[in-house]
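Participant: Sharing target13.pdb (PDB, C-alpha atoms) below.
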ATOM      1  CA  MET A   1       1.140  17.366  39.239
ATOM      2  CA  VAL A   2       2.380  20.779  38.100
ATOM      3  CA  ALA A   3       1.627  22.506  41.394
ATOM      4  CA  GLU A   4       3.347  19.725  43.314
ATOM      5  CA  HIS A   5       6.401  20.101  41.086
ATOM      6  CA  VAL A   6       6.655  23.790  41.992
ATOM      7  CA  GLU A   7       5.920  23.327  45.694
ATOM      8  CA  GLN A   8       8.512  20.591  46.190
ATOM      9  CA  ALA A   9      11.258  22.178  44.095
ATOM     10  CA  GLU A  10      14.347  23.464  45.894
ATOM     11  CA  ASP A  11      14.273  26.437  43.525
ATOM     12  CA  PRO A  12      10.650  27.414  42.736
ATOM     13  CA  GLY A  13      11.891  29.938  40.182
ATOM     14  CA  ALA A  14      13.640  27.218  38.219
ATOM     15  CA  ALA A  15      10.509  25.078  38.433
ATOM     16  CA  LEU A  16       8.410  27.890  36.973
ATOM     17  CA  ALA A  17      10.993  28.371  34.215
ATOM     18  CA  ALA A  18      10.733  24.663  33.412
ATOM     19  CA  ILE A  19       6.980  25.047  32.959
ATOM     20  CA  ARG A  20       7.565  27.924  30.549
ATOM     21  CA  ILE A  21      10.041  25.832  28.557
ATOM     22  CA  LEU A  22       7.725  22.807  28.464
ATOM     23  CA  GLY A  23       4.996  25.112  27.213
ATOM     24  CA  ALA A  24       1.739  23.651  25.962
ATOM     25  CA  ASP A  25       3.016  20.130  26.618
ATOM     26  CA  THR A  26       2.294  20.832  30.277
ATOM     27  CA  PHE A  27      -1.352  20.192  29.372
ATOM     28  CA  ALA A  28      -0.716  16.959  27.435
ATOM     29  CA  PRO A  29      -1.845  14.595  30.248
ATOM     30  CA  VAL A  30      -5.148  16.483  30.448
ATOM     31  CA  LEU A  31      -5.744  16.934  26.724
ATOM     32  CA  LEU A  32      -4.945  13.337  25.803
ATOM     33  CA  THR A  33      -6.989  11.701  28.570
ATOM     34  CA  GLY A  34      -9.995  13.989  28.811
ATOM     35  CA  GLU A  35      -9.377  14.680  32.499
ATOM     36  CA  ALA A  36     -10.090  18.076  34.019
ATOM     37  CA  LEU A  37      -7.210  20.443  34.725
ATOM     38  CA  PRO A  38      -6.785  20.674  38.519
ATOM     39  CA  PRO A  39      -7.270  24.274  39.706
ATOM     40  CA  GLN A  40      -3.962  24.262  41.593
ATOM     41  CA  ASP A  41      -2.135  23.215  38.419
ATOM     42  CA  ALA A  42      -3.849  25.991  36.478
ATOM     43  CA  GLU A  43      -2.679  28.485  39.080
ATOM     44  CA  ALA A  44       0.907  27.211  38.889
ATOM     45  CA  ILE A  45       0.939  27.508  35.099
ATOM     46  CA  ALA A  46      -0.530  31.002  35.274
ATOM     47  CA  LEU A  47       2.140  31.910  37.834
ATOM     48  CA  SER A  48       4.863  30.785  35.416
ATOM     49  CA  LEU A  49       3.542  33.282  32.859
ATOM     50  CA  THR A  50       3.239  36.024  35.459
ATOM     51  CA  ALA A  51       6.648  35.503  37.072
ATOM     52  CA  LEU A  52       8.342  35.253  33.668
ATOM     53  CA  PRO A  53       6.220  37.497  31.432
ATOM     54  CA  PRO A  54       6.060  36.590  27.748
ATOM     55  CA  SER A  55       8.166  38.820  25.564
ATOM     56  CA  ARG A  56       6.265  41.435  23.603
ATOM     57  CA  ASP A  57       9.267  42.293  21.452
ATOM     58  CA  VAL A  58       8.945  39.784  18.630
ATOM     59  CA  ALA A  59       9.792  40.011  14.978
ATOM     60  CA  PRO A  60       6.854  39.928  12.548
ATOM     61  CA  ALA A  61       8.373  36.854  10.942
ATOM     62  CA  PRO A  62      10.902  34.188  11.930
ATOM     63  CA  PRO A  63      14.568  35.209  11.704
ATOM     64  CA  ALA A  64      17.012  33.410   9.472
ATOM     65  CA  GLY A  65      18.443  31.438  12.385
ATOM     66  CA  PRO A  66      16.911  28.225  13.719
ATOM     67  CA  GLU A  67      15.511  29.888  16.830
ATOM     68  CA  GLY A  68      14.574  33.345  17.991
ATOM     69  CA  PRO A  69      11.874  35.372  19.731
ATOM     70  CA  TRP A  70       9.272  34.024  17.297
ATOM     71  CA  LEU A  71       9.733  30.507  18.678
ATOM     72  CA  MET A  72       9.141  31.437  22.308
ATOM     73  CA  ALA A  73       6.280  33.709  21.273
ATOM     74  CA  TRP A  74       4.450  30.798  19.659
ATOM     75  CA  ARG A  75       5.137  28.546  22.649
ATOM     76  CA  ASP A  76       3.764  31.191  25.015
ATOM     77  CA  TRP A  77       0.754  31.620  22.745
ATOM     78  CA  GLY A  78       0.026  27.896  22.975
ATOM     79  CA  THR A  79       0.360  27.857  26.761
ATOM     80  CA  ALA A  80      -1.810  30.926  27.312
ATOM     81  CA  THR A  81      -4.442  29.759  24.827
ATOM     82  CA  LEU A  82      -4.833  26.320  26.386
ATOM     83  CA  LEU A  83      -4.871  27.753  29.898
ATOM     84  CA  ALA A  84      -7.729  30.057  28.923
ATOM     85  CA  VAL A  85      -9.621  27.238  27.180
ATOM     86  CA  LEU A  86      -9.235  24.702  29.985
ATOM     87  CA  THR A  87     -10.213  27.171  32.711
ATOM     88  CA  ASP A  88     -12.984  28.896  30.732
ATOM     89  CA  GLY A  89     -11.076  32.112  31.162
ATOM     90  CA  GLY A  90     -11.231  31.789  34.942
ATOM     91  CA  THR A  91      -7.491  32.226  35.461
ATOM     92  CA  ASP A  92      -5.743  35.547  35.107
ATOM     93  CA  VAL A  93      -3.228  35.205  32.309
ATOM     94  CA  PRO A  94      -0.906  38.029  31.246
ATOM     95  CA  PRO A  95      -1.419  39.017  27.614
ATOM     96  CA  THR A  96       1.011  37.325  25.283
ATOM     97  CA  ALA A  97       2.702  39.013  22.390
ATOM     98  CA  PRO A  98       0.819  38.908  19.099
ATOM     99  CA  ALA A  99       1.706  35.609  17.503
ATOM    100  CA  PRO A 100       4.238  36.162  14.718
ATOM    101  CA  LEU A 101       3.666  34.862  11.237
ATOM    102  CA  PRO A 102       4.137  31.115  10.740
ATOM    103  CA  PRO A 103       7.346  29.744   9.249
ATOM    104  CA  PRO A 104       7.389  30.126   5.481
ATOM    105  CA  GLY A 105       5.785  27.201   3.704
ATOM    106  CA  PRO A 106       7.563  25.005   1.192
ATOM    107  CA  PRO A 107       7.599  26.278  -2.386
ATOM    108  CA  ARG A 108       4.395  25.533  -4.214
ATOM    109  CA  GLY A 109       4.213  24.390  -7.779
ATOM    110  CA  ALA A 110       7.768  23.034  -7.866
ATOM    111  CA  PRO A 111       8.136  19.569  -9.409
ATOM    112  CA  ALA A 112       8.899  16.871  -6.868
ATOM    113  CA  GLY A 113      12.631  16.304  -6.623
ATOM    114  CA  SER A 114      13.540  19.540  -8.378
ATOM    115  CA  ASP A 115      16.194  21.826  -6.965
ATOM    116  CA  THR A 116      13.588  24.476  -6.187
ATOM    117  CA  GLY A 117      11.409  22.026  -4.271
ATOM    118  CA  ALA A 118      14.365  20.634  -2.345
ATOM    119  CA  VAL A 119      15.335  24.038  -0.970
ATOM    120  CA  GLY A 120      12.105  24.863   0.818
ATOM    121  CA  TRP A 121      10.845  21.830   2.690
ATOM    122  CA  PRO A 122      13.953  20.787   4.715
ATOM    123  CA  GLY A 123      14.264  24.052   6.632
ATOM    124  CA  TRP A 124      10.495  24.471   6.857
ATOM    125  CA  SER A 125       9.995  21.020   8.352
ATOM    126  CA  VAL A 126      12.729  21.654  10.941
ATOM    127  CA  ARG A 127      11.019  24.875  12.001
ATOM    128  CA  MET A 128       7.705  23.063  12.268
ATOM    129  CA  GLY A 129       9.469  20.514  14.448
ATOM    130  CA  GLN A 130      10.632  23.312  16.727
ATOM    131  CA  LEU A 131       6.953  24.166  17.158
ATOM    132  CA  SER A 132       5.906  20.587  17.956
ATOM    133  CA  THR A 133       4.584  21.684  21.368
ATOM    134  CA  LEU A 134       1.633  23.105  19.406
ATOM    135  CA  ALA A 135       0.808  19.677  17.937
ATOM    136  CA  LEU A 136      -1.892  18.993  20.523
ATOM    137  CA  PRO A 137      -5.681  18.772  20.444
ATOM    138  CA  GLY A 138      -7.387  21.970  21.536
ATOM    139  CA  LEU A 139      -5.031  24.258  19.646
ATOM    140  CA  ASP A 140      -5.643  25.598  16.169
ATOM    141  CA  GLY A 141      -4.160  28.501  14.246
ATOM    142  CA  PRO A 142      -1.894  29.477  11.361
ATOM    143  CA  ILE A 143       0.772  26.925  12.311
ATOM    144  CA  HIS A 144      -1.818  24.153  12.211
ATOM    145  CA  ASP A 145      -3.142  25.393   8.880
ATOM    146  CA  ALA A 146       0.425  25.231   7.556
ATOM    147  CA  ALA A 147       0.695  21.594   8.711
ATOM    148  CA  ARG A 148      -2.601  20.691   7.036
ATOM    149  CA  ALA A 149      -1.459  22.333   3.802
ATOM    150  CA  ALA A 150       1.868  20.478   3.584
ATOM    151  CA  PRO A 151       1.638  16.870   4.846
ATOM    152  CA  LEU A 152       4.107  15.709   2.203
ATOM    153  CA  ALA A 153       6.701  18.259   3.323
ATOM    154  CA  LEU A 154       6.334  17.023   6.918
ATOM    155  CA  ALA A 155       6.703  13.399   5.772
ATOM    156  CA  ARG A 156       9.828  14.295   3.829
ATOM    157  CA  GLY A 157      11.217  16.198   6.810
ATOM    158  CA  ALA A 158      10.651  13.302   9.216
ATOM    159  CA  THR A 159      12.202  10.826   6.781
ATOM    160  CA  ARG A 160      15.197  13.084   6.190
ATOM    161  CA  ALA A 161      15.771  13.479   9.931
ATOM    162  CA  VAL A 162      15.672   9.687  10.444
ATOM    163  CA  LEU A 163      18.132   9.116   7.608
ATOM    164  CA  ARG A 164      20.434  11.719   9.141
ATOM    165  CA  ARG A 165      19.985  10.003  12.538
ATOM    166  CA  ASP A 166      18.692  13.259  13.956
ATOM    167  CA  TYR A 167      16.144  11.443  16.063
ATOM    168  CA  PRO A 168      15.050  14.373  18.268
ATOM    169  CA  THR A 169      14.072  16.331  15.151
ATOM    170  CA  ALA A 170      12.456  13.242  13.653
ATOM    171  CA  ALA A 171      10.349  12.749  16.791
ATOM    172  CA  ARG A 172       9.201  16.363  16.782
ATOM    173  CA  ILE A 173       8.178  16.325  13.103
ATOM    174  CA  THR A 174       6.522  12.920  13.535
ATOM    175  CA  ARG A 175       4.314  14.500  16.193
ATOM    176  CA  TRP A 176       2.868  16.703  13.475
ATOM    177  CA  LEU A 177       2.195  13.629  11.323
ATOM    178  CA  ALA A 178       0.375  12.051  14.281
ATOM    179  CA  TRP A 179      -1.509  15.305  14.847
ATOM    180  CA  LEU A 180      -2.636  15.277  11.207
ATOM    181  CA  HIS A 181      -3.934  11.744  11.754
ATOM    182  CA  ALA A 182      -5.887  12.864  14.838
ATOM    183  CA  ASP A 183      -7.167  15.915  12.943
ATOM    184  CA  GLY A 184      -8.549  13.727  10.172
ATOM    185  CA  VAL A 185      -6.004  14.743   7.540
ATOM    186  CA  PRO A 186      -4.431  11.733   5.806
ATOM    187  CA  PRO A 187      -0.673  12.020   6.463
ATOM    188  CA  ALA A 188       1.641  11.342   3.555
ATOM    189  CA  LEU A 189       3.512   8.819   5.717
ATOM    190  CA  ASP A 190       2.266   6.431   8.418
ATOM    191  CA  PRO A 191       3.719   7.816  11.680
ATOM    192  CA  ALA A 192       3.415   4.516  13.613
ATOM    193  CA  PRO A 193       6.521   2.792  12.150
ATOM    194  CA  LEU A 194       8.443   6.043  12.507
ATOM    195  CA  VAL A 195       7.617   6.250  16.210
ATOM    196  CA  GLU A 196       8.640   2.619  16.764
ATOM    197  CA  HIS A 197      11.927   3.124  14.929
ATOM    198  CA  ILE A 198      12.770   6.321  16.791
ATOM    199  CA  GLU A 199      12.054   4.710  20.157
ATOM    200  CA  VAL A 200      14.387   1.803  19.358
ATOM    201  CA  MET A 201      17.218   3.939  18.010
ATOM    202  CA  ALA A 202      17.330   6.823  20.491
ATOM    203  CA  GLY A 203      16.451   7.906  23.998
ATOM    204  CA  GLY A 204      16.150  10.886  26.298
ATOM    205  CA  ASP A 205      13.336  12.504  28.241
ATOM    206  CA  ARG A 206      12.337  15.029  25.573
ATOM    207  CA  LEU A 207      12.312  12.421  22.821
ATOM    208  CA  ALA A 208      10.323  10.033  25.031
ATOM    209  CA  LEU A 209       7.736  12.746  25.628
ATOM    210  CA  ASP A 210       7.366  13.513  21.926
ATOM    211  CA  THR A 211       6.962   9.860  20.947
ATOM    212  CA  ALA A 212       4.515   9.205  23.813
ATOM    213  CA  ILE A 213       2.355  12.128  22.712
ATOM    214  CA  ALA A 214       2.542  10.952  19.099
ATOM    215  CA  ARG A 215       1.308   7.510  20.146
ATOM    216  CA  ARG A 216      -1.620   8.990  22.044
ATOM    217  CA  LEU A 217      -2.510  11.206  19.091
ATOM    218  CA  MET A 218      -2.547   8.203  16.761
ATOM    219  CA  THR A 219      -5.055   6.392  18.985
ATOM    220  CA  SER A 220      -7.317   9.402  19.597
TER
END
Would you mind writing the structure in this file as structure tokens?

Facilitator:
Amino acid sequence: MVAEHVEQAEDPGAALAAIRILGADTFAPVLLTGEALPPQDAEAIALSLTALPPSRDVAPAPPAGPEGPWLMAWRDWGTATLLAVLTDGGTDVPPTAPAPLPPPGPPRGAPAGSDTGAVGWPGWSVRMGQLSTLALPGLDGPIHDAARAAPLALARGATRAVLRRDYPTAARITRWLAWLHADGVPPALDPAPLVEHIEVMAGGDRLALDTAIARRLMTS
């Protein structure tokens, strides 16, 4: 499917850029069905990393803004890691930049509902949502450890996004709740009703992809 997308595109360069942007989600149909990754698709994904090399100039920690080099570095890390795993290292992959530190976790030890506790988890959950392409089976690392350590913060973040009608963010954070379910960690909030509500209230290709992956994770 990926190779065909590149071969039939009027602008192959744009098609390769789209693969880079999609990141680890390129592997979702394989990871969630147990099918083998076709060799031609593996080559196309490797080509996207070769033609558009991952940046090696990343900050050691996320910047204050919502996005930055750290975000693309983690996405590239997920893509390169899964490509190596699914091909048993049989595909040449350019080295990615060392993965930067995960987004700062929510404050620990703060009473629920206190001002101190309310400051940390909203921004943290949004940043975790920006890394939702890593919420897939076959990947594990510091970001996943952060999700396991703060299921309540993710539940609060998803609920807050729904109440604010920020459905794209809600869908991305809900993916982490579904991933926790698949990983055997009891989520602090059932993701199934959230997915149903988001699907009814909003649309768009990216949101549809996130909710579809969340559904598959909940049944895995």

Participant: Under the PyMOL selection byres ((chain A and resi 206) around 12), which residues of this model are included? Write them out as a ChimeraX atom specification.

Facilitator: /A:21-22,25,132-133,167-169,171-172,199,202-205,207-213

Participant: Any chance you could resolve the PyMOL selection byres ((chain A and resi 27-37) around 9) against this file and give the residues as a list of chain:residue names?

Facilitator: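 Against this file, the PyMOL selection byres ((chain A and resi 27-37) around 9) returns the residues A:Gly23, A:Ala24, A:Asp25, A:Thr26, A:Pro38, A:Pro39, A:Gln40, A:Asp41, A:Ala42, A:Thr79, A:Leu82, A:Leu83, A:Leu86, A:Thr87, A:Leu136, A:Pro137, A:Gly138, A:Ile213, A:Arg216, A:Leu217, A:Ser220.
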
Participant: Name the residues in contact with Asp190 of chain A at a cut-off of 10 Å, using all atoms listed in the file, excluding same-chain residues fewer than 5 positions from it; report them as a ChimeraX atom specification.

Facilitator: /A:155,174,177-178,181,195,218

Participant: If I take atom CA of Leu154 of chain A and atom CA of Trp74 of chain A, how far is one from the other in Å, to one decimal?

Facilitator: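 Distance reported for this atom pair: 18.9 Å.
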
Participant: Adding 5 Å on each side of the box along x, y and z that holds all listed atoms of segment 154-159 of chain A, could you give its centre and edge lengths in Å to one decimal, as JSON?

Facilitator:
{"center_x": 9.3, "center_y": 13.9, "center_z": 6.5, "size_x": 15.9, "size_y": 16.2, "size_z": 15.4}

Participant: Translate the PyMOL selection byres ((chain A and resi 44) around 8) into a concrete residue list for this structure, as a PyMOL selection string.

Facilitator: chain A and resi 2-3+6+16+40-43+45-48

Participant: What's the separation between atom CA of Ala153 of chain A and atom CA of Trp121 of chain A, in Å to one decimal place?

Facilitator: 5.5 Å

Participant: Please measure the separation of atom CA of Ala149 of chain A and atom CA of Arg165 of chain A, giving the value in Å to one decimal.

Facilitator: 26.2 Å

Participant: Which residues come within 8 Å of Ala135 of chain A, counting only C-alpha atoms, excluding same-chain residues fewer than 4 positions away, as an mmCIF file with C-alpha atoms, in the coordinates of the input?

Facilitator:
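Result file is selection13.cif:
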data_model
loop_
_atom_site.group_PDB
_atom_site.id
_atom_site.type_symbol
_atom_site.label_atom_id
_atom_site.label_comp_id
_atom_site.auth_asym_id
_atom_site.auth_seq_id
_atom_site.Cartn_x
_atom_site.Cartn_y
_atom_site.Cartn_z
ATOM 1 C CA LEU A 131 6.953 24.166 17.158
ATOM 2 C CA LEU A 139 -5.031 24.258 19.646
ATOM 3 C CA HIS A 144 -1.818 24.153 12.211
ATOM 4 C CA ARG A 175 4.314 14.500 16.193
ATOM 5 C CA TRP A 176 2.868 16.703 13.475
ATOM 6 C CA TRP A 179 -1.509 15.305 14.847
#
